[in-house]
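Chemist: If it helps, the file is called structure_13.cif and holds mmCIF, C-alpha atoms:
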```cif
data_upload
#
loop_
_atom_site.group_PDB
_atom_site.id
_atom_site.type_symbol
_atom_site.label_atom_id
_atom_site.label_comp_id
_atom_site.auth_asym_id
_atom_site.auth_seq_id
_atom_site.Cartn_x
_atom_site.Cartn_y
_atom_site.Cartn_z
ATOM 1 C CA MET A 26 29.237 -11.974 -35.117
ATOM 2 C CA LYS A 27 28.936 -14.603 -37.781
ATOM 3 C CA GLU A 28 25.524 -16.141 -37.514
ATOM 4 C CA GLN A 29 25.419 -17.960 -40.788
ATOM 5 C CA ALA A 30 26.683 -21.455 -41.287
ATOM 6 C CA ARG A 31 28.068 -22.502 -44.649
ATOM 7 C CA ALA A 32 27.797 -25.953 -46.132
ATOM 8 C CA ALA A 33 29.458 -27.805 -49.005
ATOM 9 C CA VAL A 34 27.821 -30.834 -50.613
ATOM 10 C CA ILE A 35 30.375 -33.004 -52.402
ATOM 11 C CA VAL A 36 29.266 -34.397 -55.743
ATOM 12 C CA PHE A 37 30.868 -37.632 -56.914
ATOM 13 C CA PRO A 38 30.057 -39.268 -60.227
ATOM 14 C CA GLY A 39 27.067 -41.410 -59.225
ATOM 15 C CA SER A 40 25.953 -39.313 -56.256
ATOM 16 C CA ASN A 41 22.157 -39.121 -56.370
ATOM 17 C CA CYS A 42 21.114 -37.581 -53.053
ATOM 18 C CA ASP A 43 23.267 -34.493 -53.525
ATOM 19 C CA HIS A 44 20.310 -32.366 -54.620
ATOM 20 C CA ASP A 45 18.186 -33.609 -51.708
ATOM 21 C CA ALA A 46 20.942 -32.616 -49.290
ATOM 22 C CA PHE A 47 21.345 -29.256 -51.038
ATOM 23 C CA PHE A 48 17.583 -28.622 -50.867
ATOM 24 C CA ALA A 49 17.454 -29.580 -47.178
ATOM 25 C CA LEU A 50 20.321 -27.229 -46.314
ATOM 26 C CA ARG A 51 19.600 -24.293 -48.581
ATOM 27 C CA LYS A 52 15.810 -24.231 -48.873
ATOM 28 C CA ILE A 53 14.685 -25.738 -45.593
ATOM 29 C CA MET A 54 17.487 -24.820 -43.207
ATOM 30 C CA GLY A 55 18.211 -21.623 -45.135
ATOM 31 C CA ILE A 56 21.979 -21.777 -44.957
ATOM 32 C CA ASP A 57 24.566 -20.851 -47.547
ATOM 33 C CA THR A 58 25.170 -24.083 -49.481
ATOM 34 C CA ARG A 59 27.352 -24.956 -52.445
ATOM 35 C CA PHE A 60 27.986 -28.048 -54.511
ATOM 36 C CA VAL A 61 31.633 -29.041 -54.755
ATOM 37 C CA TRP A 62 32.605 -31.331 -57.639
ATOM 38 C CA HIS A 63 34.833 -34.213 -56.570
ATOM 39 C CA LYS A 64 37.611 -33.128 -58.934
ATOM 40 C CA GLU A 65 38.090 -29.868 -57.050
ATOM 41 C CA GLU A 66 41.103 -29.844 -54.771
ATOM 42 C CA SER A 67 39.837 -27.360 -52.209
ATOM 43 C CA LEU A 68 36.607 -27.103 -50.245
ATOM 44 C CA GLY A 69 36.887 -23.342 -49.988
ATOM 45 C CA GLU A 70 35.320 -21.620 -46.997
ATOM 46 C CA THR A 71 32.843 -23.898 -45.292
ATOM 47 C CA ASP A 72 31.663 -24.995 -41.858
ATOM 48 C CA LEU A 73 30.006 -28.245 -42.830
ATOM 49 C CA VAL A 74 30.782 -30.891 -45.428
ATOM 50 C CA ILE A 75 28.131 -33.344 -46.566
ATOM 51 C CA LEU A 76 29.074 -36.529 -48.373
ATOM 52 C CA PRO A 77 25.729 -37.436 -49.926
ATOM 53 C CA GLY A 78 24.060 -40.723 -50.731
ATOM 54 C CA GLY A 79 24.223 -42.448 -54.079
ATOM 55 C CA PHE A 80 26.372 -44.941 -55.899
ATOM 56 C CA SER A 81 29.670 -43.177 -56.395
ATOM 57 C CA TYR A 82 31.642 -44.826 -59.196
ATOM 58 C CA GLY A 83 28.844 -47.344 -59.580
ATOM 59 C CA ASP A 84 29.845 -49.011 -56.291
ATOM 60 C CA TYR A 85 32.696 -50.624 -58.252
ATOM 61 C CA LEU A 86 35.250 -52.596 -56.233
ATOM 62 C CA ARG A 87 33.578 -51.733 -52.890
ATOM 63 C CA CYS A 88 31.053 -49.021 -52.031
ATOM 64 C CA GLY A 89 32.943 -45.775 -51.533
ATOM 65 C CA ALA A 90 36.364 -47.319 -52.224
ATOM 66 C CA ILE A 91 37.087 -45.272 -55.340
ATOM 67 C CA ALA A 92 35.373 -42.041 -54.281
ATOM 68 C CA ARG A 93 37.582 -42.104 -51.211
ATOM 69 C CA PHE A 94 40.519 -41.271 -53.508
ATOM 70 C CA SER A 95 38.774 -38.474 -55.441
ATOM 71 C CA PRO A 96 40.904 -35.297 -55.480
ATOM 72 C CA ILE A 97 38.560 -33.418 -53.104
ATOM 73 C CA MET A 98 38.914 -36.103 -50.431
ATOM 74 C CA LYS A 99 42.391 -34.897 -49.485
ATOM 75 C CA ASP A 100 40.914 -31.611 -48.374
ATOM 76 C CA VAL A 101 37.895 -33.303 -46.772
ATOM 77 C CA ILE A 102 40.282 -35.421 -44.699
ATOM 78 C CA ASN A 103 42.316 -32.337 -43.744
ATOM 79 C CA PHE A 104 39.147 -30.481 -42.847
ATOM 80 C CA ALA A 105 37.957 -33.365 -40.646
ATOM 81 C CA ARG A 106 41.354 -33.823 -38.996
ATOM 82 C CA ASN A 107 41.283 -30.130 -38.093
ATOM 83 C CA GLY A 108 37.923 -30.489 -36.381
ATOM 84 C CA GLY A 109 35.659 -29.530 -39.297
ATOM 85 C CA VAL A 110 32.145 -30.954 -39.183
ATOM 86 C CA VAL A 111 31.531 -33.728 -41.728
ATOM 87 C CA THR A 112 28.385 -35.784 -42.259
ATOM 88 C CA GLY A 113 28.286 -38.816 -44.506
ATOM 89 C CA ILE A 114 24.872 -40.131 -45.417
ATOM 90 C CA CYS A 115 24.456 -43.640 -46.841
ATOM 91 C CA ASN A 116 27.122 -43.810 -49.576
ATOM 92 C CA GLY A 117 28.778 -40.906 -47.746
ATOM 93 C CA PHE A 118 29.041 -43.119 -44.639
ATOM 94 C CA GLN A 119 30.674 -45.818 -46.764
ATOM 95 C CA VAL A 120 33.147 -43.269 -48.159
ATOM 96 C CA LEU A 121 34.032 -42.086 -44.618
ATOM 97 C CA CYS A 122 34.736 -45.668 -43.508
ATOM 98 C CA GLU A 123 36.858 -46.330 -46.588
ATOM 99 C CA ALA A 124 38.741 -43.082 -45.963
ATOM 100 C CA GLY A 125 39.512 -44.138 -42.401
ATOM 101 C CA LEU A 126 37.666 -41.144 -40.928
ATOM 102 C CA LEU A 127 35.276 -43.565 -39.241
ATOM 103 C CA PRO A 128 36.097 -47.043 -37.908
ATOM 104 C CA GLY A 129 34.596 -50.273 -39.247
ATOM 105 C CA ALA A 130 33.084 -51.019 -42.643
ATOM 106 C CA LEU A 131 29.737 -51.442 -44.383
ATOM 107 C CA VAL A 132 29.146 -54.732 -46.150
ATOM 108 C CA ARG A 133 26.345 -56.327 -48.146
ATOM 109 C CA ASN A 134 22.961 -56.493 -46.377
ATOM 110 C CA GLU A 135 22.620 -59.824 -44.635
ATOM 111 C CA HIS A 136 19.542 -60.814 -46.645
ATOM 112 C CA LEU A 137 21.217 -59.632 -49.880
ATOM 113 C CA ARG A 138 18.272 -57.446 -50.858
ATOM 114 C CA PHE A 139 18.282 -53.725 -51.454
ATOM 115 C CA VAL A 140 16.196 -52.241 -48.666
ATOM 116 C CA CYS A 141 14.155 -49.091 -49.301
ATOM 117 C CA LYS A 142 11.642 -48.196 -46.608
ATOM 118 C CA ASP A 143 10.930 -46.068 -43.559
ATOM 119 C CA VAL A 144 12.614 -47.279 -40.390
ATOM 120 C CA TYR A 145 12.856 -46.081 -36.808
ATOM 121 C CA ILE A 146 16.151 -45.218 -35.214
ATOM 122 C CA ARG A 147 16.772 -44.560 -31.543
ATOM 123 C CA VAL A 148 19.048 -41.737 -30.456
ATOM 124 C CA GLU A 149 21.700 -43.456 -28.335
ATOM 125 C CA ASN A 150 23.649 -40.330 -27.547
ATOM 126 C CA ASN A 151 22.189 -36.833 -27.688
ATOM 127 C CA ASP A 152 25.380 -35.253 -26.421
ATOM 128 C CA THR A 153 26.855 -34.874 -29.905
ATOM 129 C CA ARG A 154 27.016 -32.046 -32.416
ATOM 130 C CA PHE A 155 24.517 -33.941 -34.562
ATOM 131 C CA THR A 156 21.861 -34.864 -32.008
ATOM 132 C CA SER A 157 21.690 -32.037 -29.465
ATOM 133 C CA GLN A 158 18.132 -31.180 -30.556
ATOM 134 C CA CYS A 159 16.961 -34.730 -29.838
ATOM 135 C CA SER A 160 16.301 -36.210 -26.441
ATOM 136 C CA GLU A 161 18.191 -39.275 -25.262
ATOM 137 C CA GLY A 162 16.331 -42.376 -26.400
ATOM 138 C CA GLU A 163 14.146 -40.379 -28.802
ATOM 139 C CA VAL A 164 12.862 -42.404 -31.733
ATOM 140 C CA LEU A 165 13.165 -40.847 -35.202
ATOM 141 C CA LYS A 166 11.331 -41.996 -38.311
ATOM 142 C CA ILE A 167 13.675 -41.843 -41.288
ATOM 143 C CA SER A 168 14.016 -43.818 -44.520
ATOM 144 C CA VAL A 169 16.794 -46.133 -45.555
ATOM 145 C CA ALA A 170 17.695 -47.047 -49.138
ATOM 146 C CA HIS A 171 20.774 -49.209 -49.495
ATOM 147 C CA GLY A 172 22.206 -52.568 -50.487
ATOM 148 C CA ASP A 173 25.344 -52.373 -48.371
ATOM 149 C CA GLY A 174 24.427 -50.989 -44.971
ATOM 150 C CA ASN A 175 25.458 -53.882 -42.783
ATOM 151 C CA TYR A 176 27.886 -52.282 -40.347
ATOM 152 C CA ILE A 177 30.737 -54.437 -39.084
ATOM 153 C CA ILE A 178 33.652 -53.839 -36.759
ATOM 154 C CA ASP A 179 35.887 -56.165 -34.745
ATOM 155 C CA ALA A 180 35.200 -56.840 -31.051
ATOM 156 C CA GLU A 181 37.899 -54.450 -29.909
ATOM 157 C CA GLY A 182 36.573 -51.678 -32.152
ATOM 158 C CA LEU A 183 33.047 -52.232 -30.873
ATOM 159 C CA GLU A 184 34.262 -51.873 -27.297
ATOM 160 C CA GLU A 185 35.931 -48.588 -28.236
ATOM 161 C CA LEU A 186 32.715 -47.324 -29.856
ATOM 162 C CA LYS A 187 30.754 -48.155 -26.727
ATOM 163 C CA LYS A 188 33.313 -46.787 -24.315
ATOM 164 C CA ASN A 189 33.445 -43.445 -26.128
ATOM 165 C CA ARG A 190 29.689 -43.325 -26.763
ATOM 166 C CA GLN A 191 30.275 -43.182 -30.508
ATOM 167 C CA ILE A 192 27.184 -45.181 -31.404
ATOM 168 C CA VAL A 193 24.685 -42.415 -32.138
ATOM 169 C CA PHE A 194 21.738 -44.232 -33.770
ATOM 170 C CA ARG A 195 20.461 -47.814 -33.611
ATOM 171 C CA TYR A 196 17.575 -49.352 -35.545
ATOM 172 C CA SER A 197 14.582 -49.858 -33.284
ATOM 173 C CA ASP A 198 10.810 -50.177 -33.461
ATOM 174 C CA GLU A 199 8.619 -47.127 -33.049
ATOM 175 C CA ASN A 200 8.743 -47.531 -29.273
ATOM 176 C CA GLY A 201 12.502 -47.629 -29.177
ATOM 177 C CA GLU A 202 12.765 -51.399 -28.671
ATOM 178 C CA ILE A 203 15.829 -52.845 -30.329
ATOM 179 C CA SER A 204 15.654 -56.342 -31.829
ATOM 180 C CA ASP A 205 16.765 -58.389 -34.835
ATOM 181 C CA ALA A 206 13.247 -58.099 -36.242
ATOM 182 C CA VAL A 207 13.666 -54.349 -36.827
ATOM 183 C CA ASN A 208 17.220 -54.554 -38.122
ATOM 184 C CA PRO A 209 16.896 -53.779 -41.858
ATOM 185 C CA ASN A 210 20.309 -55.021 -42.961
ATOM 186 C CA GLY A 211 21.921 -57.257 -40.335
ATOM 187 C CA SER A 212 24.011 -54.417 -38.945
ATOM 188 C CA LEU A 213 26.061 -55.302 -35.866
ATOM 189 C CA GLU A 214 24.076 -54.424 -32.720
ATOM 190 C CA ASN A 215 21.555 -52.618 -34.958
ATOM 191 C CA ILE A 216 24.058 -49.799 -35.526
ATOM 192 C CA ALA A 217 22.641 -47.156 -37.899
ATOM 193 C CA GLY A 218 25.051 -44.275 -37.289
ATOM 194 C CA ILE A 219 28.318 -43.513 -35.507
ATOM 195 C CA VAL A 220 30.607 -40.577 -34.844
ATOM 196 C CA ASN A 221 34.388 -40.539 -34.739
ATOM 197 C CA ARG A 222 36.095 -40.348 -31.395
ATOM 198 C CA GLU A 223 36.477 -36.567 -31.598
ATOM 199 C CA GLY A 224 32.774 -36.183 -32.369
ATOM 200 C CA ASN A 225 33.067 -34.014 -35.495
ATOM 201 C CA VAL A 226 32.411 -36.706 -38.120
ATOM 202 C CA LEU A 227 29.062 -38.502 -38.381
ATOM 203 C CA GLY A 228 28.213 -41.396 -40.658
ATOM 204 C CA MET A 229 24.703 -42.784 -40.919
ATOM 205 C CA MET A 230 22.897 -45.099 -43.324
ATOM 206 C CA PRO A 231 19.376 -43.574 -42.984
ATOM 207 C CA HIS A 232 18.598 -40.407 -44.951
ATOM 208 C CA PRO A 233 17.778 -37.400 -42.734
ATOM 209 C CA GLU A 234 17.652 -35.149 -45.827
ATOM 210 C CA ARG A 235 14.590 -37.115 -46.976
ATOM 211 C CA ALA A 236 12.765 -36.475 -43.704
ATOM 212 C CA MET A 237 12.627 -32.693 -43.597
ATOM 213 C CA GLU A 238 8.998 -31.636 -43.987
ATOM 214 C CA ASP A 239 5.465 -32.853 -43.436
ATOM 215 C CA LEU A 240 4.773 -32.487 -47.127
ATOM 216 C CA LEU A 241 6.966 -35.544 -47.664
ATOM 217 C CA GLY A 242 5.529 -37.399 -44.696
ATOM 218 C CA LYS A 243 8.455 -37.129 -42.304
ATOM 219 C CA ARG A 244 10.315 -34.374 -40.559
ATOM 220 C CA ASP A 245 12.466 -36.097 -37.945
ATOM 221 C CA GLY A 246 15.603 -35.722 -40.037
ATOM 222 C CA LYS A 247 15.381 -31.987 -39.598
ATOM 223 C CA LYS A 248 16.423 -32.365 -35.959
ATOM 224 C CA ILE A 249 19.790 -33.673 -37.090
ATOM 225 C CA PHE A 250 20.331 -30.705 -39.404
ATOM 226 C CA GLU A 251 19.126 -28.297 -36.698
ATOM 227 C CA SER A 252 21.547 -29.841 -34.210
ATOM 228 C CA VAL A 253 24.564 -29.581 -36.461
ATOM 229 C CA ILE A 254 23.801 -26.058 -37.676
ATOM 230 C CA ASN A 255 23.174 -24.846 -34.115
ATOM 231 C CA SER A 256 26.453 -26.302 -32.983
ATOM 232 C CA ILE A 257 28.314 -24.635 -35.855
ATOM 233 C CA ILE A 258 26.752 -21.233 -35.146
ATOM 234 C CA GLN A 259 27.536 -21.568 -31.446
ATOM 235 C CA VAL A 260 31.170 -22.427 -32.149
ATOM 236 C CA ASN A 261 31.482 -19.633 -34.739
ATOM 237 C CA ASN A 262 29.994 -17.095 -32.329
ATOM 238 C CA TYR A 263 32.289 -18.268 -29.582
ATOM 239 C CA ILE A 264 35.323 -17.907 -31.841
ATOM 240 C CA SER A 265 34.336 -14.432 -33.092
ATOM 241 C CA ALA A 266 33.639 -13.281 -29.511
ATOM 242 C CA GLU A 267 37.129 -14.250 -28.375
ATOM 243 C CA MET B 260 56.502 -56.175 -67.396
ATOM 244 C CA PHE B 261 54.891 -58.396 -64.801
ATOM 245 C CA LYS B 262 51.468 -59.886 -64.575
ATOM 246 C CA ALA B 263 49.790 -60.194 -61.199
ATOM 247 C CA VAL B 264 46.672 -62.058 -60.200
ATOM 248 C CA VAL B 265 45.132 -60.805 -56.976
ATOM 249 C CA THR B 266 42.514 -62.688 -54.981
ATOM 250 C CA VAL B 267 40.499 -60.740 -52.423
ATOM 251 C CA THR B 268 38.360 -62.633 -49.934
ATOM 252 C CA LEU B 269 36.235 -61.643 -46.975
ATOM 253 C CA ARG B 270 37.986 -62.332 -43.704
ATOM 254 C CA PRO B 271 36.937 -65.647 -42.158
ATOM 255 C CA SER B 272 35.264 -63.809 -39.268
ATOM 256 C CA ILE B 273 32.982 -61.851 -41.632
ATOM 257 C CA LEU B 274 29.674 -63.444 -42.529
ATOM 258 C CA ASP B 275 29.388 -63.971 -46.280
ATOM 259 C CA PRO B 276 25.667 -64.002 -47.116
ATOM 260 C CA GLU B 277 26.365 -64.286 -50.835
ATOM 261 C CA GLY B 278 28.521 -67.387 -50.328
ATOM 262 C CA LYS B 279 25.862 -68.853 -48.081
ATOM 263 C CA THR B 280 23.172 -68.328 -50.717
ATOM 264 C CA VAL B 281 25.304 -70.006 -53.382
ATOM 265 C CA GLU B 282 25.953 -72.882 -50.982
ATOM 266 C CA GLN B 283 22.220 -73.325 -50.374
ATOM 267 C CA SER B 284 21.653 -73.402 -54.102
ATOM 268 C CA LEU B 285 24.342 -76.057 -54.513
ATOM 269 C CA HIS B 286 22.681 -78.139 -51.814
ATOM 270 C CA GLN B 287 19.382 -77.850 -53.678
ATOM 271 C CA LEU B 288 21.147 -79.136 -56.776
ATOM 272 C CA GLY B 289 22.114 -82.214 -54.790
ATOM 273 C CA TYR B 290 25.707 -81.293 -53.962
ATOM 274 C CA GLY B 291 25.293 -81.875 -50.254
ATOM 275 C CA ALA B 292 28.996 -82.558 -49.947
ATOM 276 C CA VAL B 293 29.867 -78.905 -50.631
ATOM 277 C CA HIS B 294 30.507 -76.640 -47.653
ATOM 278 C CA ASN B 295 31.935 -73.273 -46.696
ATOM 279 C CA VAL B 296 31.384 -71.451 -49.987
ATOM 280 C CA ARG B 297 33.074 -68.056 -49.792
ATOM 281 C CA MET B 298 32.833 -65.439 -52.498
ATOM 282 C CA GLY B 299 35.734 -63.212 -53.445
ATOM 283 C CA LYS B 300 37.246 -61.096 -56.185
ATOM 284 C CA HIS B 301 39.747 -62.039 -58.862
ATOM 285 C CA ILE B 302 41.744 -59.100 -60.198
ATOM 286 C CA GLU B 303 44.330 -59.307 -62.976
ATOM 287 C CA LEU B 304 46.757 -56.519 -63.650
ATOM 288 C CA GLU B 305 50.043 -55.729 -65.318
ATOM 289 C CA VAL B 306 52.867 -53.794 -63.712
ATOM 290 C CA ASP B 307 55.878 -52.117 -65.294
ATOM 291 C CA ALA B 308 58.859 -52.924 -63.085
ATOM 292 C CA GLU B 309 62.529 -53.836 -63.423
ATOM 293 C CA THR B 310 62.513 -56.681 -60.955
ATOM 294 C CA GLU B 311 60.002 -59.055 -59.494
ATOM 295 C CA SER B 312 60.524 -57.688 -56.021
ATOM 296 C CA GLN B 313 59.707 -54.162 -57.232
ATOM 297 C CA ALA B 314 56.548 -55.428 -58.887
ATOM 298 C CA ARG B 315 55.662 -57.361 -55.738
ATOM 299 C CA GLU B 316 56.085 -54.252 -53.634
ATOM 300 C CA THR B 317 53.819 -52.233 -55.931
ATOM 301 C CA VAL B 318 51.094 -54.882 -55.945
ATOM 302 C CA ASP B 319 51.245 -55.265 -52.168
ATOM 303 C CA ASP B 320 50.952 -51.497 -51.828
ATOM 304 C CA ILE B 321 47.883 -51.179 -54.059
ATOM 305 C CA CYS B 322 46.208 -54.162 -52.371
ATOM 306 C CA ASN B 323 46.540 -52.412 -49.031
ATOM 307 C CA LYS B 324 45.500 -49.037 -50.361
ATOM 308 C CA LEU B 325 42.677 -49.799 -52.732
ATOM 309 C CA LEU B 326 42.058 -53.347 -53.918
ATOM 310 C CA ALA B 327 41.245 -54.744 -50.468
ATOM 311 C CA ASN B 328 39.833 -53.167 -47.337
ATOM 312 C CA PRO B 329 41.879 -54.618 -44.477
ATOM 313 C CA VAL B 330 38.947 -54.069 -42.092
ATOM 314 C CA MET B 331 37.011 -56.848 -43.758
ATOM 315 C CA GLU B 332 39.137 -58.475 -46.444
ATOM 316 C CA ASP B 333 42.309 -60.507 -46.924
ATOM 317 C CA TYR B 334 44.253 -60.708 -50.148
ATOM 318 C CA THR B 335 46.814 -62.949 -51.799
ATOM 319 C CA PHE B 336 48.510 -62.573 -55.152
ATOM 320 C CA THR B 337 50.784 -64.355 -57.574
ATOM 321 C CA ILE B 338 53.166 -62.566 -59.874
ATOM 322 C CA ARG B 339 55.298 -63.499 -62.865
ATOM 323 C CA ARG B 340 57.001 -61.953 -65.871
ATOM 324 C CA LYS B 341 54.565 -61.066 -68.642
ATOM 325 C CA GLU B 342 56.513 -63.107 -71.268
ATOM 326 C CA GLU B 343 56.042 -66.279 -69.243
ATOM 327 C CA ALA B 344 52.390 -65.493 -68.759
ATOM 328 C CA VAL B 345 51.884 -65.085 -72.507
ATOM 329 C CA LYS B 346 53.606 -68.387 -73.416
ATOM 330 C CA GLU B 347 51.012 -70.479 -71.586
#
```
As structure tokens, what does this structure read like?

Modeler:
Amino acid sequence: MKEQARAAVIVFPGSNCDHDAFFALRKIMGIDTRFVWHKEESLGETDLVILPGGFSYGDYLRCGAIARFSPIMKDVINFARNGGVVTGICNGFQVLCEAGLLPGALVRNEHLRFVCKDVYIRVENNDTRFTSQCSEGEVLKISVAHGDGNYIIDAEGLEELKKNRQIVFRYSDENGEISDAVNPNGSLENIAGIVNREGNVLGMMPHPERAMEDLLGKRDGKKIFESVINSIIQVNNYISAE
Amino acid sequence: MFKAVVTVTLRPSILDPEGKTVEQSLHQLGYGAVHNVRMGKHIELEVDAETESQARETVDDICNKLLANPVMEDYTFTIRRKEEAVKE
């Protein structure tokens, strides 16, 4: 029985949350974690791919637009299309949208300012591989730090997201109330994170890897990592038992 | 060789907060007659190609793939032989 989960953190030029993600996975969650440089062409053996936050390629052209064509992305796309678990955080979310692994796009914050603060997000769907350790409607305290986190999608796409329960997190107040006043970036319907239709790819603007332990003031992000690692171990055990 | 000039703009349905801010500034300067300011990108590039239609095809391809994101942006471009472009 394989009880360990393995993770790969992709490093693009300009990634700056790669070490935070590595620390969260390796030191806090205790799983086998490697960095993978964007020029590599193969992910190697892994169960989870993290596209970290940062400013890949200096956000030139559009956030994530150039990283999306880094050599490693071919294998990331293959991995995702074959059901592999992928999480994109902040810039990673932007890269996933640019790569077409998630629908919609992230544009400049409505108020044009870079926003860096703690926010609350409400779990809209706890029946996903990324939120199984949360309860439905649970409010998580996590920080955001971005200039382009304003999620947009056309009306048809939004309907699809709702129909398939792909909206996973929405910005709320600490009681779970959703309003414009607590929307940090103008995001459509306060959307903070979505999954793809198949449920194996998550993109979110807030940083769960920065909310892992009381020492740093927040630990709600850990539930997301616990959820995804549990789901990987369960699937791996199921496969090896067959 | 051909020279192309690509213009990328946000789709009309997408709010353009940057354009709006510039518009407000223009109004403060007294240009109340100015409306609908939309920001965009201007990209110049050169393409090696035998014919204009080949160059056009290449530019269209790269606009779709990289220069614009069709989810939120539209693009247009003009193209002409490099020699003509230089003579100006």

Chemist: Find the residues of chain A in contact range of chain B, meaning any atom within 7 Å when counting only C-alpha atoms, and list them as a list in words.

Modeler: Ala90, Gly129, Ala130, Glu135, His136 and Leu137 of chain A

Chemist: Store the residues picked out above in a file with C-alpha atoms, as a tab-separated table (two decimals), in the coordinates of the input.

Modeler:
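What landed in again_22.tsv:
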```tsv
chain	number	residue	atom	x	y	z
A	90	ALA	CA	36.36	-47.32	-52.22
A	129	GLY	CA	34.60	-50.27	-39.25
A	130	ALA	CA	33.08	-51.02	-42.64
A	135	GLU	CA	22.62	-59.82	-44.64
A	136	HIS	CA	19.54	-60.81	-46.64
A	137	LEU	CA	21.22	-59.63	-49.88
```

Chemist: Expanded to explicit residues, what is the PyMOL selection byres ((chain A and resi 246) around 9) for this file, as a list in words?

Modeler: Leu165, Lys166, Ile167, His232, Pro233, Glu234, Arg235, Ala236, Met237, Glu238, Lys243, Arg244, Asp245, Lys247, Lys248, Ile249, Phe250 and Glu251 of chain A

Chemist: Could you tell me which residues the PyMOL selection byres ((chain B and resi 337) around 10) grabs in this file, written as a short mmCIF file (atom, residue, chain, number, x, y, z; two decimals) with C-alpha atoms, keeping the file's coordinate frame?

Modeler:
```
data_model
loop_
_atom_site.label_atom_id
_atom_site.label_comp_id
_atom_site.auth_asym_id
_atom_site.auth_seq_id
_atom_site.Cartn_x
_atom_site.Cartn_y
_atom_site.Cartn_z
CA LYS B 262 51.47 -59.89 -64.58
CA ALA B 263 49.79 -60.19 -61.20
CA VAL B 264 46.67 -62.06 -60.20
CA VAL B 265 45.13 -60.80 -56.98
CA THR B 266 42.51 -62.69 -54.98
CA GLU B 303 44.33 -59.31 -62.98
CA ARG B 315 55.66 -57.36 -55.74
CA VAL B 318 51.09 -54.88 -55.94
CA THR B 335 46.81 -62.95 -51.80
CA PHE B 336 48.51 -62.57 -55.15
CA ILE B 338 53.17 -62.57 -59.87
CA ARG B 339 55.30 -63.50 -62.86
#
```

Chemist: Given the file above and the PyMOL selection byres ((chain A and resi 78) around 10), which residues are selected, and can you give them as JSON, numbers by chain?

Modeler: {"A": [36, 37, 39, 40, 41, 42, 43, 44, 45, 46, 75, 76, 77, 79, 80, 81, 113, 114, 115, 116, 117, 118, 119, 120, 170, 171, 230, 231, 232, 234]}

Chemist: Using all atoms listed in the file for the distances, tell me which of B:Glu282, B:Ala314, B:Gly299, B:Asp307 is nearest to B:Asp333.

Modeler: B:Gly299

Chemist: Just to confirm, what's the straight-line distance from atom CA of A:Asp205 to atom CA of A:Leu241 in Å (one decimal)?

Modeler: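 Calculated distance between atom CA of A:Asp205 and atom CA of A:Leu241 is 28.0 Å.
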
Chemist: Would you mind reading off the distance between atom CA of A:Gly109 and atom CA of B:Cys322, one decimal, in Å?

Modeler: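 About the pair atom CA of A:Gly109 and atom CA of B:Cys322: they are 29.8 Å apart.
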
Chemist: Atom CA of A:Gly89 to atom CA of A:Pro38: how many Å, to one decimal?

Modeler: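 It comes out at 11.2 Å.
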
Chemist: Out of A:Leu73, A:Cys88, A:Leu131, A:Val226, which residue has the shortest atom-to-atom distance to A:Gly211 when counting only C-alpha atoms?

Modeler: A:Leu131
